[in-house]
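Asker: Data: final.csv, CSV, C-alpha atoms.
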chain,number,residue,atom,x,y,z
A,1,MET,CA,11.3,-8.6,7.4
A,2,ALA,CA,15.0,-9.6,7.2
A,3,VAL,CA,17.6,-7.1,6.1
A,4,ARG,CA,21.2,-8.0,5.3
A,5,HIS,CA,23.5,-6.0,7.5
A,6,GLY,CA,26.8,-5.6,5.7
A,7,SER,CA,28.7,-8.9,5.8
A,8,LEU,CA,26.8,-10.2,8.8
A,9,SER,CA,23.7,-12.4,8.9
A,10,PRO,CA,20.3,-10.9,8.1
A,11,ILE,CA,18.7,-9.1,11.1
A,12,ASP,CA,15.0,-8.9,11.9
A,13,ILE,CA,13.2,-5.6,11.3
A,14,ALA,CA,9.7,-4.9,12.5
A,15,LEU,CA,7.7,-2.8,10.1
A,16,ASN,CA,4.8,-0.6,11.0
A,17,GLN,CA,2.9,2.4,9.6
A,18,PRO,CA,5.0,5.1,11.4
A,19,GLY,CA,8.3,3.5,10.5
A,20,TRP,CA,10.5,0.5,11.5
A,21,GLN,CA,12.2,-0.8,14.6
A,22,SER,CA,15.3,-3.0,15.1
A,23,HIS,CA,16.8,-4.4,18.3
A,24,ALA,CA,20.2,-4.5,16.5
A,25,ALA,CA,22.3,-1.7,15.1
A,26,VAL,CA,21.9,-1.1,11.3
A,27,THR,CA,24.3,0.6,8.9
A,28,GLU,CA,23.5,4.1,7.6
A,29,ALA,CA,22.8,2.6,4.1
A,30,ALA,CA,20.3,0.2,5.7
A,31,ARG,CA,18.6,2.9,7.7
A,32,VAL,CA,18.1,5.1,4.6
A,33,LEU,CA,16.7,2.1,2.6
A,34,LEU,CA,14.3,1.3,5.4
A,35,ASP,CA,13.2,4.9,5.8
A,36,CYS,CA,12.5,5.0,2.1
A,37,LEU,CA,10.6,1.7,1.6
A,38,THR,CA,8.9,1.1,4.9
A,39,PRO,CA,5.7,3.0,3.7
A,40,LEU,CA,5.4,0.4,0.9
A,41,ALA,CA,6.6,-2.7,2.7
A,42,ALA,CA,4.2,-2.1,5.7
A,43,GLN,CA,1.1,-1.8,3.6
A,44,SER,CA,-0.9,-4.5,1.8
A,45,ARG,CA,-2.5,-2.1,-0.8
A,46,TRP,CA,-1.1,0.8,-2.8
A,47,VAL,CA,-0.7,2.3,-6.2
A,48,ILE,CA,2.6,4.1,-6.9
A,49,ALA,CA,4.3,5.4,-10.0
A,50,GLN,CA,8.0,5.6,-10.9
A,51,LEU,CA,9.7,7.9,-13.4
A,52,GLY,CA,13.4,8.5,-14.2
A,53,GLN,CA,14.3,11.8,-15.8
A,54,SER,CA,17.0,14.5,-16.3
A,55,LEU,CA,17.2,17.7,-14.4
A,56,ASP,CA,15.3,19.4,-17.1
A,57,GLY,CA,12.4,16.9,-16.9
A,58,ARG,CA,13.3,14.8,-20.0
A,59,ILE,CA,12.8,11.0,-20.0
A,60,ALA,CA,14.3,10.5,-23.5
A,61,THR,CA,15.9,12.3,-26.4
A,62,GLU,CA,13.8,13.5,-29.4
A,63,SER,CA,14.7,10.1,-31.1
A,64,GLY,CA,13.5,8.2,-28.1
A,65,HIS,CA,16.9,7.2,-26.7
A,66,SER,CA,16.7,6.8,-22.9
A,67,HIS,CA,19.4,4.2,-21.9
A,68,TYR,CA,20.5,5.3,-19.4
A,69,ILE,CA,19.4,8.6,-18.1
A,70,ASN,CA,19.6,7.4,-14.5
A,71,GLY,CA,22.4,5.6,-12.8
A,72,PHE,CA,22.7,2.0,-11.7
A,73,GLU,CA,21.6,2.7,-8.2
A,74,SER,CA,18.3,4.0,-9.6
A,75,LEU,CA,17.9,0.8,-11.6
A,76,VAL,CA,18.3,-1.2,-8.4
A,77,HIS,CA,15.7,1.0,-6.7
A,78,LEU,CA,13.3,0.3,-9.5
A,79,HIS,CA,13.8,-3.5,-9.1
A,80,ARG,CA,13.2,-3.1,-5.4
A,81,LEU,CA,9.8,-1.5,-6.2
A,82,ARG,CA,9.0,-4.4,-8.6
A,83,ALA,CA,9.9,-6.9,-5.9
A,84,LEU,CA,7.4,-5.2,-3.5
A,85,ALA,CA,4.6,-4.9,-6.1
A,86,ASP,CA,2.0,-7.5,-7.0
A,87,ALA,CA,1.7,-6.0,-10.5
A,88,VAL,CA,3.8,-3.7,-12.7
A,89,VAL,CA,2.0,-1.6,-15.3
A,90,VAL,CA,3.3,-0.1,-18.5
A,91,GLY,CA,1.7,1.6,-21.4
A,92,ALA,CA,1.7,0.5,-25.0
A,93,GLY,CA,4.2,3.1,-26.1
A,94,THR,CA,6.8,2.0,-23.5
A,95,ALA,CA,6.2,-1.7,-24.1
A,96,ALA,CA,6.5,-1.3,-27.9
A,97,ALA,CA,9.6,1.0,-27.8
A,98,ASP,CA,11.6,-0.6,-25.0
A,99,ASN,CA,10.6,-4.3,-25.2
A,100,PRO,CA,11.1,-4.6,-21.4
A,101,GLN,CA,11.2,-7.7,-19.3
A,102,LEU,CA,9.6,-6.1,-16.2
A,103,THR,CA,11.1,-8.8,-13.9
A,104,VAL,CA,13.1,-8.6,-10.7
A,105,ARG,CA,16.8,-9.2,-11.5
A,106,HIS,CA,19.0,-6.7,-9.5
A,107,VAL,CA,17.6,-7.7,-6.0
A,108,THR,CA,16.1,-10.8,-4.5
A,109,GLY,CA,12.4,-10.9,-4.8
A,110,LYS,CA,9.4,-12.4,-6.6
A,111,HIS,CA,8.5,-11.2,-10.1
A,112,PRO,CA,5.3,-9.1,-10.2
A,113,VAL,CA,2.5,-9.8,-12.7
A,114,ARG,CA,3.3,-7.9,-15.8
A,115,VAL,CA,0.5,-5.7,-17.1
A,116,VAL,CA,0.4,-4.1,-20.6
A,117,ILE,CA,-2.3,-1.5,-21.2
A,118,ASP,CA,-2.7,-1.5,-24.9
A,119,PRO,CA,-6.1,0.0,-26.0
A,120,ARG,CA,-5.5,-0.5,-29.8
A,121,GLY,CA,-3.4,-3.7,-29.6
A,122,ARG,CA,-0.2,-2.1,-31.1
A,123,VAL,CA,2.4,-3.9,-29.0
A,124,PRO,CA,4.2,-6.5,-31.3
A,125,ALA,CA,3.2,-10.1,-30.5
A,126,GLU,CA,6.9,-11.1,-30.7
A,127,HIS,CA,8.0,-8.9,-27.8
A,128,VAL,CA,9.4,-10.5,-24.6
A,129,LEU,CA,6.4,-9.7,-22.5
A,130,PHE,CA,4.3,-12.0,-24.7
A,131,THR,CA,6.8,-14.7,-25.5
A,132,THR,CA,8.3,-15.6,-22.2
A,133,ASP,CA,6.7,-17.2,-19.1
A,134,THR,CA,9.2,-15.9,-16.6
A,135,ALA,CA,6.3,-14.0,-15.0
A,136,PRO,CA,2.6,-13.9,-15.8
A,137,THR,CA,1.5,-11.2,-18.2
A,138,LEU,CA,-1.9,-9.5,-18.6
A,139,HIS,CA,-2.6,-7.8,-21.9
A,140,ILE,CA,-5.4,-5.3,-21.5
A,141,THR,CA,-6.9,-4.2,-24.7
A,142,GLY,CA,-10.0,-2.4,-26.0
A,143,PRO,CA,-13.1,-4.3,-27.1
A,144,ASP,CA,-12.3,-4.0,-30.9
A,145,VAL,CA,-8.9,-5.5,-30.8
A,146,ASN,CA,-8.3,-8.9,-32.3
A,147,SER,CA,-5.2,-10.1,-30.6
A,148,THR,CA,-3.5,-13.4,-29.8
A,149,THR,CA,-0.4,-12.7,-27.7
A,150,GLY,CA,1.4,-15.9,-26.9
A,151,ASN,CA,1.8,-16.6,-23.2
A,152,ALA,CA,-0.1,-13.4,-22.1
A,153,GLU,CA,-3.7,-13.5,-20.8
A,154,ARG,CA,-5.9,-11.0,-22.6
A,155,CYS,CA,-8.4,-8.8,-20.7
A,156,VAL,CA,-10.8,-6.4,-22.2
A,157,LEU,CA,-11.8,-3.0,-20.8
A,158,PRO,CA,-14.0,-0.3,-22.3
A,159,LEU,CA,-12.4,2.9,-23.7
A,160,ASN,CA,-13.3,6.4,-22.6
A,161,THR,CA,-14.1,9.3,-24.9
A,162,HIS,CA,-10.3,9.8,-25.5
A,163,GLY,CA,-9.9,6.3,-26.7
A,164,GLN,CA,-8.0,5.3,-23.5
A,165,PHE,CA,-8.7,3.2,-20.4
A,166,THR,CA,-9.9,4.9,-17.3
A,167,PRO,CA,-7.1,4.4,-14.8
A,168,HIS,CA,-9.4,3.4,-12.0
A,169,ASP,CA,-10.9,0.7,-14.2
A,170,VAL,CA,-7.4,-0.8,-14.6
A,171,ILE,CA,-6.7,-0.6,-10.8
A,172,ASP,CA,-10.1,-2.2,-10.1
A,173,LEU,CA,-9.5,-5.0,-12.6
A,174,LEU,CA,-6.1,-5.8,-10.9
A,175,ALA,CA,-7.6,-5.6,-7.4
A,176,GLN,CA,-10.3,-8.2,-8.4
A,177,ARG,CA,-7.4,-10.5,-9.2
A,178,GLY,CA,-5.8,-10.0,-5.8
A,179,LEU,CA,-3.2,-7.6,-7.3
A,180,LYS,CA,-3.4,-4.8,-4.7
A,181,ARG,CA,0.2,-3.5,-4.7
A,182,VAL,CA,0.5,-1.8,-8.1
A,183,LEU,CA,3.6,-0.1,-9.6
A,184,VAL,CA,2.9,2.1,-12.7
A,185,GLU,CA,6.3,2.1,-14.3
A,186,GLY,CA,5.8,4.1,-17.4
A,187,GLY,CA,6.0,5.8,-19.7
A,188,GLY,CA,5.4,9.4,-19.1
A,189,VAL,CA,2.0,9.6,-20.8
A,190,THR,CA,0.7,6.6,-18.8
A,191,VAL,CA,2.0,7.9,-15.5
A,192,SER,CA,0.6,11.4,-16.2
A,193,GLN,CA,-2.9,9.9,-17.0
A,194,PHE,CA,-2.9,7.9,-13.7
A,195,ILE,CA,-1.8,10.9,-11.7
A,196,GLU,CA,-4.3,13.2,-13.3
A,197,ALA,CA,-7.1,10.7,-12.6
A,198,GLY,CA,-6.1,10.7,-8.9
A,199,ALA,CA,-5.2,7.0,-9.0
A,200,ILE,CA,-1.6,7.4,-7.8
A,201,GLU,CA,-0.8,7.6,-4.1
A,202,ARG,CA,3.0,8.1,-4.3
A,203,LEU,CA,5.4,9.0,-7.1
A,204,HIS,CA,9.0,8.0,-7.0
A,205,LEU,CA,10.7,10.5,-9.2
A,206,LEU,CA,14.4,9.8,-9.9
A,207,VAL,CA,16.3,12.8,-11.1
A,208,ALA,CA,19.7,12.5,-12.8
A,209,PRO,CA,22.3,15.2,-12.8
A,210,LEU,CA,22.0,15.6,-16.5
A,211,LEU,CA,20.7,18.3,-18.9
A,212,ILE,CA,19.4,17.0,-22.2
A,213,GLY,CA,18.0,20.3,-23.4
A,214,SER,CA,15.3,18.8,-25.6
A,215,GLY,CA,13.4,15.6,-25.9
A,216,ARG,CA,10.4,13.8,-24.5
A,217,PRO,CA,9.0,15.3,-21.2
A,218,GLY,CA,8.2,13.2,-18.2
A,219,LEU,CA,4.8,14.4,-16.8
A,220,GLN,CA,2.3,15.9,-19.3
A,221,MET,CA,-1.0,16.9,-17.8
A,222,THR,CA,-3.8,19.2,-18.6
A,223,PRO,CA,-2.5,22.8,-18.7
A,224,ILE,CA,-3.5,25.1,-15.8
A,225,ASP,CA,-4.0,28.9,-15.9
A,226,THR,CA,-2.6,29.8,-12.5
A,227,LEU,CA,-0.3,28.3,-9.9
A,228,GLU,CA,-3.2,28.1,-7.4
A,229,SER,CA,-4.3,25.0,-9.4
A,230,ALA,CA,-0.8,23.3,-9.1
A,231,LEU,CA,-0.3,20.2,-7.0
A,232,ARG,CA,1.7,20.9,-3.9
A,233,PRO,CA,2.3,17.5,-2.4
A,234,SER,CA,4.5,16.6,0.6
A,235,MET,CA,7.7,14.8,-0.3
A,236,ARG,CA,11.0,13.4,1.0
A,237,THR,CA,14.3,13.2,-0.8
A,238,PHE,CA,16.9,10.4,-0.7
A,239,ARG,CA,20.3,10.0,-2.4
A,240,CYS,CA,20.3,7.2,-5.0
A,241,GLY,CA,23.9,7.1,-6.2
A,242,ASP,CA,24.4,10.3,-8.2
A,243,ASP,CA,20.7,10.7,-8.6
A,244,THR,CA,18.1,12.2,-6.3
A,245,LEU,CA,15.0,10.3,-5.4
A,246,PHE,CA,11.9,12.4,-4.7
A,247,ASP,CA,9.3,10.4,-2.8
A,248,VAL,CA,6.2,12.4,-3.5
A,249,GLN,CA,3.0,11.7,-1.6
A,250,LEU,CA,0.2,12.7,-3.9
A,251,ARG,CA,-2.7,11.4,-1.7
A,252,ALA,CA,-3.2,9.4,1.5
A,253,SER,CA,-3.2,5.6,1.2
A,254,PRO,CA,-6.5,3.8,1.6
For the file at hand, write its structure as structure tokens.

Answerer:
Amino acid sequence: MAVRHGSLSPIDIALNQPGWQSHAAVTEAARVLLDCLTPLAAQSRWVIAQLGQSLDGRIATESGHSHYINGFESLVHLHRLRALADAVVVGAGTAAADNPQLTVRHVTGKHPVRVVIDPRGRVPAEHVLFTTDTAPTLHITGPDVNSTTGNAERCVLPLNTHGQFTPHDVIDLLAQRGLKRVLVEGGGVTVSQFIEAGAIERLHLLVAPLLIGSGRPGLQMTPIDTLESALRPSMRTFRCGDDTLFDVQLRASP
């Protein structure tokens, strides 16, 4: 792996499971970046999620406004995750509301395959994900949806008793296509469903120094009665501009 070291030429970095090694000195910024991303860059298979939120756990206002809770450095970090991923997954709510591109623009890297999980086929056909060929798009719908979505390839999965896809079915479908590094980018409902199903290995939670006071919460999972049932994962923290990145390990990688 080559990492650009200030104004000098790129230097070679050896990646491995415990960490990374370099025969040349690296800047402090490069060291932090390598410490953060080596667990992803060194593995050929993973499923991670990313959420950006305020200090009080909000990902948008009551009206749905969310641009931008997190700072520019957090946006760059998100694009680094996309560049490392084979596929980036969003739910129908995020795709419909934000009309995202889901491409790599703020760093150098290959665009991931864009995946829209849309059980009822409610994402508008004129949205960017379905009308551009910048990157391949998979549109995953339920069996009763009649949909023609432009440049996207449609895939059908069965729905569970809640009218949603089982997260592991989505991961298995992508793996069958050789898409083994998966980034679940949003929104909060989709990320919550994947975490609760045990499908997420790491969560990159970017917290902005901002209090919204109301609005849409990030993680929303089944209520628990006592704190003995709460998840207590190991985690690391990194500075990301004015934001704080919590690198949360929810379960061991395969």

Asker: Kindly give the distance, in Å, that separates atom CA of Leu219 of chain A and atom CA of Asp56 of chain A, rounded to a single decimal.

Answerer: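 That distance, rounded to one decimal, is 11.6 Å.
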
Asker: List every residue of segment 107-144 of chain A that has an atom at most 7 Å from any atom of segment 72-94 of chain A, giving for each one its closest atom pair and the distance in Å to one decimal, counting all atoms listed in the file, sorted by chain and then by ascending residue number, as a tab-separated table.

Answerer:
residue	atom	partner	partner_atom	distance
A:Val107	CA	A:Arg80	CA	6.4
A:Gly109	CA	A:Ala83	CA	4.8
A:Lys110	CA	A:Ala83	CA	5.6
A:His111	CA	A:Ala83	CA	6.2
A:Pro112	CA	A:Ala87	CA	4.8
A:Val113	CA	A:Ala87	CA	4.5
A:Arg114	CA	A:Val88	CA	5.2
A:Val115	CA	A:Val89	CA	4.7
A:Val116	CA	A:Val90	CA	5.4
A:Ile117	CA	A:Gly91	CA	5.1
A:Asp118	CA	A:Ala92	CA	4.8
A:Arg122	CA	A:Ala92	CA	6.9
A:Val123	CA	A:Ala92	CA	6.0

Asker: Using only C-alpha atoms, tabulate the residues of segment 144-209 of chain A lying at most 8 Å from any atom of segment 42-50 of chain A, each with its closest atom pair and that distance in Å to one decimal, by chain and increasing residue number, as a Markdown table.

Answerer:
| residue | atom | partner | partner_atom | distance |
| --- | --- | --- | --- | --- |
| A:Lys180 | CA | A:Arg45 | CA | 4.8 |
| A:Arg181 | CA | A:Trp46 | CA | 4.9 |
| A:Val182 | CA | A:Val47 | CA | 4.7 |
| A:Leu183 | CA | A:Ile48 | CA | 5.1 |
| A:Val184 | CA | A:Ala49 | CA | 4.5 |
| A:Glu185 | CA | A:Gln50 | CA | 5.2 |
| A:Gly186 | CA | A:Gln50 | CA | 7.0 |
| A:Val191 | CA | A:Ala49 | CA | 6.5 |
| A:Ala199 | CA | A:Val47 | CA | 7.1 |
| A:Ile200 | CA | A:Ile48 | CA | 5.4 |
| A:Glu201 | CA | A:Ile48 | CA | 5.6 |
| A:Arg202 | CA | A:Ile48 | CA | 4.8 |
| A:Leu203 | CA | A:Ala49 | CA | 4.8 |
| A:His204 | CA | A:Gln50 | CA | 4.7 |
| A:Leu205 | CA | A:Gln50 | CA | 5.8 |
| A:Leu206 | CA | A:Gln50 | CA | 7.7 |

Asker: Residues near Ala60 of chain A, anyone? I mean within 9 Å using all atoms listed in the file, not counting same-chain ones fewer than 4 positions away, as a ChimeraX atom specification.

Answerer: /A:53-54,64-67,69,212,214-218

Asker: I'd like the interatomic distance between atom CA of Gln21 of chain A and atom CA of His106 of chain A, to a tenth of an Å.

Answerer: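 Computing it gives 25.7 Å between the two atoms.
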
Asker: List as a tab-separated table (two decimals) with C-alpha atoms, in the coordinates of the input the protein and nucleic acid residues near Val170 of chain A, meaning an atom at most 9 Å away when all atoms listed in the file are counted, but skip any in the same chain fewer than 3 places from it.

Answerer:
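Final file, around-v1.tsv:
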chain	number	residue	atom	x	y	z
A	117	ILE	CA	-2.30	-1.50	-21.20
A	140	ILE	CA	-5.40	-5.30	-21.50
A	157	LEU	CA	-11.80	-3.00	-20.80
A	165	PHE	CA	-8.70	3.20	-20.40
A	166	THR	CA	-9.90	4.90	-17.30
A	167	PRO	CA	-7.10	4.40	-14.80
A	173	LEU	CA	-9.50	-5.00	-12.60
A	174	LEU	CA	-6.10	-5.80	-10.90
A	175	ALA	CA	-7.60	-5.60	-7.40

Asker: Between A:Ser22, A:Thr38, A:Thr27, A:Thr141, which residue has the minimum interatomic distance to Gly121 of chain A, considering only C-alpha atoms?

Answerer: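 Closest to Gly121 of chain A, using only C-alpha atoms: A:Thr141.
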
Asker: Find the spatial neighbours of Ser234 of chain A, counting all atoms listed in the file, within a cut-off of 9 Å - ignore same-chain residues fewer than 3 positions away - and output them as JSON, numbers by chain.

Answerer: {"A": [247, 248, 249, 250]}

Asker: Quote the spacing between atom CA of Val128 of chain A and atom CA of Ser147 of chain A in Å to one decimal place.

Answerer: 15.8 Å

Asker: Please list as a list in words every residue within 9 Å of Thr244 of chain A, counting only C-alpha atoms and excluding residues in the same chain fewer than 2 positions away.

Answerer: Ser74, Leu205, Leu206, Val207, Ala208, Pro209, Thr237, Phe238, Arg239, Cys240, Gly241, Asp242 and Phe246 of chain A
